[in-house]
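Content type TSV, C-alpha atoms, from the file coords38.tsv:
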chain	number	residue	atom	x	y	z
C	1487	MET	CA	0.00	0.00	0.00
C	1488	GLY	CA	1.50	3.31	-0.95
C	1489	GLY	CA	1.66	6.05	-3.55
C	1490	ASP	CA	-0.56	9.09	-3.58
C	1491	SER	CA	-3.85	7.18	-3.50
C	1492	PHE	CA	-5.38	3.83	-2.64
C	1493	THR	CA	-8.62	2.58	-4.20
C	1494	PHE	CA	-11.13	0.51	-2.26
C	1495	LYS	CA	-14.43	-0.86	-3.56
C	1496	GLN	CA	-16.58	2.11	-2.53
C	1497	PHE	CA	-14.10	4.96	-1.99
C	1498	VAL	CA	-10.65	6.27	-2.84
C	1499	VAL	CA	-8.13	7.44	-0.25
C	1500	GLN	CA	-5.84	10.25	-1.38
C	1501	GLN	CA	-2.78	10.42	0.88
C	1502	ASP	CA	-0.30	12.87	-0.67
C	1503	ARG	CA	-0.66	15.37	2.21
C	1504	CYS	CA	-0.88	12.95	5.10
C	1505	ALA	CA	2.09	11.70	7.13
C	1506	MET	CA	0.69	8.24	7.77
C	1507	LYS	CA	-0.33	6.37	4.61
C	1508	VAL	CA	-2.97	3.70	4.15
C	1509	GLY	CA	-1.67	0.51	5.73
C	1510	THR	CA	-2.69	-2.87	7.04
C	1511	ASP	CA	-3.16	-1.55	10.61
C	1512	GLY	CA	-5.85	0.94	9.70
C	1513	THR	CA	-7.57	-1.48	7.34
C	1514	LEU	CA	-7.61	-4.18	10.02
C	1515	LEU	CA	-9.14	-1.87	12.61
C	1516	GLY	CA	-11.70	-0.38	10.24
C	1517	ALA	CA	-12.91	-3.86	9.29
C	1518	TRP	CA	-12.79	-5.32	12.84
C	1519	ALA	CA	-14.17	-2.64	15.18
C	1520	GLU	CA	-17.80	-3.03	16.21
C	1521	LEU	CA	-20.75	-0.75	16.94
C	1522	VAL	CA	-23.37	-1.96	19.42
C	1523	LYS	CA	-26.08	0.34	18.11
C	1524	ALA	CA	-26.74	0.36	14.35
C	1525	ASP	CA	-27.61	4.05	14.23
C	1526	GLY	CA	-25.04	5.04	16.83
C	1527	ARG	CA	-22.32	7.67	16.90
C	1528	ILE	CA	-18.70	6.78	16.13
C	1529	LEU	CA	-15.58	8.78	16.95
C	1530	ASP	CA	-12.35	8.21	14.99
C	1531	ILE	CA	-9.42	9.63	17.00
C	1532	GLY	CA	-6.40	10.59	14.88
C	1533	THR	CA	-8.23	10.01	11.62
C	1534	GLY	CA	-5.29	10.74	9.29
C	1535	THR	CA	-6.58	10.16	5.75
C	1536	GLY	CA	-10.07	9.37	7.04
C	1537	LEU	CA	-9.69	5.68	6.12
C	1538	ILE	CA	-11.13	4.13	9.30
C	1539	ALA	CA	-13.97	6.66	9.46
C	1540	MET	CA	-15.00	5.80	5.89
C	1541	MET	CA	-14.70	2.06	6.52
C	1542	MET	CA	-16.97	2.35	9.56
C	1543	ALA	CA	-19.42	4.45	7.55
C	1544	GLN	CA	-19.54	1.76	4.86
C	1545	ARG	CA	-20.07	-1.03	7.39
C	1546	TYR	CA	-22.71	0.83	9.42
C	1547	PRO	CA	-24.91	2.77	6.96
C	1548	GLU	CA	-27.10	4.26	9.71
C	1549	ALA	CA	-24.23	5.48	11.87
C	1550	ARG	CA	-22.91	9.03	12.14
C	1551	ILE	CA	-19.16	9.46	12.37
C	1552	THR	CA	-17.00	12.22	13.80
C	1553	ALA	CA	-13.34	12.15	12.75
C	1554	ILE	CA	-10.72	14.29	14.49
C	1555	ASP	CA	-7.00	14.88	14.08
C	1556	ILE	CA	-4.59	17.35	15.61
C	1557	ASP	CA	-2.67	17.79	12.34
C	1558	GLU	CA	-4.02	20.43	9.95
C	1559	MET	CA	-2.78	18.75	6.76
C	1560	ALA	CA	-4.28	15.41	7.79
C	1561	VAL	CA	-7.62	17.11	8.42
C	1562	LEU	CA	-7.58	18.78	5.01
C	1563	GLN	CA	-6.77	15.42	3.41
C	1564	ALA	CA	-9.53	13.64	5.34
C	1565	VAL	CA	-12.08	16.33	4.44
C	1566	ASP	CA	-11.29	15.93	0.73
C	1567	ASN	CA	-11.48	12.13	0.95
C	1568	VAL	CA	-14.76	12.17	2.86
C	1569	ASN	CA	-16.33	14.73	0.52
C	1570	ALA	CA	-15.43	12.55	-2.47
C	1571	SER	CA	-16.88	9.43	-0.83
C	1572	PRO	CA	-20.48	8.16	-0.72
C	1573	PHE	CA	-20.52	8.91	3.04
C	1574	ALA	CA	-20.03	12.68	3.02
C	1575	ASP	CA	-23.42	13.35	4.61
C	1576	ARG	CA	-22.63	11.11	7.62
C	1577	ILE	CA	-18.99	11.98	8.44
C	1578	GLU	CA	-17.82	15.23	10.03
C	1579	VAL	CA	-14.10	15.99	10.19
C	1580	PHE	CA	-12.58	18.43	12.69
C	1581	GLN	CA	-9.12	19.61	13.63
C	1582	ALA	CA	-9.09	18.95	17.37
C	1583	ASP	CA	-6.98	17.76	20.28
C	1584	VAL	CA	-8.87	14.83	21.84
C	1585	ASN	CA	-7.63	15.88	25.29
C	1586	VAL	CA	-9.84	18.98	25.15
C	1587	PHE	CA	-12.47	17.82	22.63
C	1588	GLU	CA	-15.96	18.52	24.00
C	1589	PRO	CA	-18.76	17.16	21.78
C	1590	THR	CA	-22.41	17.67	22.70
C	1591	GLU	CA	-23.08	13.92	22.92
C	1592	LYS	CA	-21.07	10.87	23.90
C	1593	PHE	CA	-20.18	8.13	21.41
C	1594	ASN	CA	-21.36	4.53	21.07
C	1595	SER	CA	-18.07	3.49	19.50
C	1596	ILE	CA	-14.56	4.97	19.49
C	1597	VAL	CA	-11.86	3.75	17.12
C	1598	CYS	CA	-8.20	4.70	17.17
C	1599	ASN	CA	-5.02	3.65	15.43
C	1600	PRO	CA	-2.94	5.48	18.06
C	1601	PRO	CA	0.53	7.00	17.93
C	1602	PHE	CA	3.28	4.65	18.96
C	1603	PHE	CA	7.08	4.18	19.07
C	1604	ASN	CA	7.25	6.34	22.20
C	1605	ASN	CA	10.73	5.02	22.96
C	1606	ALA	CA	11.98	5.22	19.40
C	1607	LEU	CA	14.23	7.85	17.89
C	1608	ILE	CA	12.43	11.03	16.91
C	1609	CYS	CA	12.29	11.40	13.14
C	1610	PRO	CA	13.06	14.83	11.63
C	1611	ASP	CA	9.69	15.15	9.85
C	1612	ASN	CA	7.50	16.93	12.45
C	1613	GLN	CA	4.23	15.83	10.85
C	1614	ARG	CA	5.28	12.18	10.74
C	1615	THR	CA	6.71	12.38	14.25
C	1616	GLN	CA	3.39	13.67	15.58
C	1617	ALA	CA	1.52	10.87	13.85
C	1618	ARG	CA	3.85	8.08	15.04
C	1619	HIS	CA	5.00	9.04	18.53
C	1620	THR	CA	3.21	9.34	21.84
C	1621	LEU	CA	4.61	12.83	22.37
C	1622	SER	CA	1.31	14.62	21.87
C	1623	LEU	CA	-0.97	11.78	23.04
C	1624	SER	CA	0.18	9.24	25.63
C	1625	TYR	CA	-1.71	6.03	26.24
C	1626	ARG	CA	-2.81	7.41	29.61
C	1627	GLN	CA	-4.24	10.52	27.95
C	1628	LEU	CA	-5.89	8.40	25.26
C	1629	MET	CA	-7.59	6.18	27.84
C	1630	ALA	CA	-8.77	9.16	29.86
C	1631	ALA	CA	-10.18	10.84	26.75
C	1632	ALA	CA	-11.90	7.66	25.55
C	1633	TRP	CA	-13.47	7.08	28.97
C	1634	ARG	CA	-14.79	10.65	29.03
C	1635	LEU	CA	-16.17	10.51	25.47
C	1636	LEU	CA	-17.62	6.97	25.43
C	1637	CYS	CA	-21.17	6.22	26.54
C	1638	GLU	CA	-21.71	3.64	29.31
C	1639	GLU	CA	-22.41	0.72	26.95
C	1640	GLY	CA	-19.99	1.84	24.26
C	1641	ILE	CA	-17.00	0.07	22.71
C	1642	PHE	CA	-13.45	1.40	22.34
C	1643	SER	CA	-11.42	-0.40	19.65
C	1644	LEU	CA	-7.77	0.13	18.76
C	1645	ILE	CA	-4.73	-1.54	17.23
C	1646	ILE	CA	-1.28	-1.40	18.78
C	1647	PRO	CA	2.17	-2.97	18.27
C	1648	ASN	CA	2.93	-6.11	20.28
C	1649	ASP	CA	5.61	-4.29	22.28
C	1650	PHE	CA	3.06	-1.91	23.80
C	1651	PHE	CA	0.33	-4.37	24.78
C	1652	GLN	CA	1.20	-4.60	28.48
C	1653	GLN	CA	1.61	-0.83	28.78
C	1654	LEU	CA	-1.73	-0.14	27.14
C	1655	GLU	CA	-3.48	-2.90	29.11
C	1656	GLY	CA	-2.21	-1.33	32.33
C	1657	GLU	CA	-3.36	2.16	31.37
C	1658	ALA	CA	-6.75	0.81	30.28
C	1659	HIS	CA	-7.20	-0.93	33.65
C	1660	LEU	CA	-6.22	2.21	35.56
C	1661	SER	CA	-8.80	4.19	33.59
C	1662	GLY	CA	-11.56	1.68	34.44
C	1663	PHE	CA	-11.75	-0.19	31.13
C	1664	PHE	CA	-12.14	-3.96	30.74
C	1665	LEU	CA	-10.76	-6.04	27.89
C	1666	THR	CA	-13.60	-7.72	25.98
C	1667	ARG	CA	-11.87	-8.85	22.73
C	1668	VAL	CA	-8.15	-9.32	22.03
C	1669	TYR	CA	-6.82	-10.58	18.69
C	1670	GLY	CA	-3.10	-11.26	18.36
C	1671	VAL	CA	-2.17	-10.66	14.71
C	1672	ARG	CA	0.71	-12.50	13.05
C	1673	THR	CA	1.83	-11.68	9.52
C	1674	ILE	CA	2.41	-15.38	8.77
C	1675	GLU	CA	2.60	-18.71	10.62
C	1676	GLY	CA	5.76	-19.05	12.68
C	1677	LYS	CA	6.32	-15.31	13.05
C	1678	PRO	CA	5.75	-13.60	16.42
C	1679	ILE	CA	2.59	-11.58	17.04
C	1680	LYS	CA	3.10	-8.18	15.42
C	1681	ARG	CA	-0.07	-6.31	16.38
C	1682	TYR	CA	-2.96	-6.58	18.80
C	1683	LEU	CA	-6.52	-5.65	17.95
C	1684	ILE	CA	-8.08	-4.63	21.27
C	1685	GLU	CA	-11.67	-3.98	22.31
C	1686	LEU	CA	-12.43	-2.25	25.61
C	1687	MET	CA	-15.65	-1.52	27.46
C	1688	LYS	CA	-16.59	0.20	30.73
C	1689	HIS	CA	-18.11	-3.02	32.07
C	1690	PRO	CA	-16.69	-6.57	32.09
C	1691	SER	CA	-18.11	-8.94	29.51
C	1692	TYR	CA	-19.40	-12.44	30.26
C	1693	LYS	CA	-16.38	-13.91	28.49
C	1694	LEU	CA	-13.16	-12.36	27.19
C	1695	ILE	CA	-12.73	-13.34	23.53
C	1696	LYS	CA	-9.08	-14.06	22.70
C	1697	LYS	CA	-7.79	-15.24	19.32
C	1698	GLU	CA	-4.63	-15.39	17.28
C	1699	VAL	CA	-5.01	-14.71	13.56
C	1700	LEU	CA	-2.84	-14.60	10.44
C	1701	ILE	CA	-2.66	-11.99	7.69
C	1702	GLU	CA	-1.12	-14.41	5.19
C	1703	ASP	CA	-1.09	-18.20	4.80
C	1704	LYS	CA	2.14	-17.85	2.84
C	1705	PRO	CA	3.98	-14.83	1.34
C	1706	ARG	CA	1.58	-12.66	-0.70
C	1707	VAL	CA	-1.33	-15.03	-0.14
C	1708	ARG	CA	-3.96	-13.56	2.22
C	1709	SER	CA	-5.38	-15.88	4.84
C	1710	ALA	CA	-9.02	-16.95	4.77
C	1711	TRP	CA	-9.62	-14.89	7.95
C	1712	TYR	CA	-8.15	-11.72	6.45
C	1713	ARG	CA	-9.93	-12.20	3.11
C	1714	GLU	CA	-13.27	-12.62	4.89
C	1715	LEU	CA	-12.67	-9.63	7.17
C	1716	THR	CA	-11.76	-7.27	4.32
C	1717	LYS	CA	-13.81	-8.68	1.42
C	1718	GLU	CA	-16.15	-5.65	1.28
C	1719	PHE	CA	-13.19	-3.27	0.88
C	1720	TYR	CA	-10.38	-4.69	-1.24
C	1721	ILE	CA	-10.96	-4.79	-4.99
C	1722	LYS	CA	-8.78	-7.87	-5.36
Write out the structure in this file as structure tokens.
Amino acid sequence: MGGDSFTFKQFVVQQDRCAMKVGTDGTLLGAWAELVKADGRILDIGTGTGLIAMMMAQRYPEARITAIDIDEMAVLQAVDNVNASPFADRIEVFQADVNVFEPTEKFNSIVCNPPFFNNALICPDNQRTQARHTLSLSYRQLMAAAWRLLCEEGIFSLIIPNDFFQQLEGEAHLSGFFLTRVYGVRTIEGKPIKRYLIELMKHPSYKLIKKEVLIEDKPRVRSAWYRELTKEFYIK
């Protein structure tokens, strides 16, 4: 995935002005995250190109989506992508810092592909640094913001690198969240878990759902799980 645009079945993502390009992480989250109320309200934190917001809009045709990002260029990119999509009447995009974001209503679902690499070297590109590092949004701040913005029966879904699972789980617990679904994602059999898809709620579920899944059965051959998850989005 790369270049200045990426074409899905129902929409095109332009990404020439956005630091973080369309990638497997965002596509995974957009196809995996759930909404408990069909006509509910969804918040996409750190929307970037608007990819996850548009995927959620496609999956939940009665939902209304708010997409926010702190980066001005990302917001301009997302606005253009949303306006060119079939979902323009149901997605609003704002430049906002989630730490001080004060909507009039709480959300039934929150999705976030959060910044990471908080211990990595800082890259010289300020826009890319902001998108990739936890300098402007720590996991603790993210959890506090999600708790404040999520309704009592809502779902908070995110994807994080394997290295940060324990840190995020700890911050989620301190904020009052409970794990309800956890998918460990491997690129291929035999490789270590690379990412975790995580679902959090304000109340414990009857049973924690835990799975390990594969992106590919062999190099360049998508697994049956990944094909099924993304079949409404990828053209091929």
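Closest approach to Ser1491 (chain C) from the set C:Leu1537, C:Ile1701, C:Ile1577, C:Ala1517 is made by C:Leu1537, with distances taken over only C-alpha atoms.
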Neighbour list for Tyr1546 (chain C) as a list of chain:residue names, cut-off 10 Å, all atoms listed in the file, skip fewer than 2 positions in-chain:
C:Glu1520, C:Leu1521, C:Lys1523, C:Ala1524, C:Asp1525, C:Gly1526, C:Ile1528, C:Met1540, C:Met1541, C:Met1542, C:Ala1543, C:Gln1544, C:Glu1548, C:Ala1549, C:Arg1550, C:Ile1551
With distances taken over all atoms listed in the file, which residue among C:Ile1679, C:Cys1598, C:Ile1674, C:Leu1628 lies nearest Asp1649 (chain C)?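 Going through C:Ile1679, C:Cys1598, C:Ile1674, C:Leu1628 one by one, the smallest distance to Asp1649 (chain C) is for C:Ile1679.
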Practice task
May I have the residues within 12 Å of Val1584 (chain C) as a VMD selection string, using only C-alpha atoms and disregarding those fewer than 5 positions away in the same chain?
Solution key: chain C and resid 1529 to 1533 1552 to 1557 1589 1596 1598 1600 1622 to 1624 1627 to 1635
Output C-alpha atoms for every residue in that selection, as a CSV table (one decimal), in the frame of the given file.
chain,number,residue,atom,x,y,z
C,1529,LEU,CA,-15.6,8.8,17.0
C,1530,ASP,CA,-12.4,8.2,15.0
C,1531,ILE,CA,-9.4,9.6,17.0
C,1532,GLY,CA,-6.4,10.6,14.9
C,1533,THR,CA,-8.2,10.0,11.6
C,1552,THR,CA,-17.0,12.2,13.8
C,1553,ALA,CA,-13.3,12.2,12.8
C,1554,ILE,CA,-10.7,14.3,14.5
C,1555,ASP,CA,-7.0,14.9,14.1
C,1556,ILE,CA,-4.6,17.4,15.6
C,1557,ASP,CA,-2.7,17.8,12.3
C,1589,PRO,CA,-18.8,17.2,21.8
C,1596,ILE,CA,-14.6,5.0,19.5
C,1598,CYS,CA,-8.2,4.7,17.2
C,1600,PRO,CA,-2.9,5.5,18.1
C,1622,SER,CA,1.3,14.6,21.9
C,1623,LEU,CA,-1.0,11.8,23.0
C,1624,SER,CA,0.2,9.2,25.6
C,1627,GLN,CA,-4.2,10.5,28.0
C,1628,LEU,CA,-5.9,8.4,25.3
C,1629,MET,CA,-7.6,6.2,27.8
C,1630,ALA,CA,-8.8,9.2,29.9
C,1631,ALA,CA,-10.2,10.8,26.8
C,1632,ALA,CA,-11.9,7.7,25.6
C,1633,TRP,CA,-13.5,7.1,29.0
C,1634,ARG,CA,-14.8,10.6,29.0
C,1635,LEU,CA,-16.2,10.5,25.5
**Message:** Every residue with an atom at most 9 Å from (3.3, -21.3, 11.0) (file coordinates; all atoms listed in the file) is what I'm after, so could you write them as an MDAnalysis selection string?
**Reply:** chainID C and resid 1674:1677 1703:1704
Exercise for review: Can you pull out every residue within 12 Å of Gly1670 (chain C), counting all atoms listed in the file, but drop anything in the same chain fewer than 3 positions away, and send it as a PyMOL selection string?
Suggested key: chain C and resi 1514+1645-1649+1651+1667+1673-1674+1677-1685+1695-1701
Have a look at CA of Gln1653 (chain C) and CA of Gly1512 (chain C) and let me know their distance in Å, one decimal.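 Atom-to-atom, CA of Gln1653 (chain C) to CA of Gly1512 (chain C), that is 20.6 Å.
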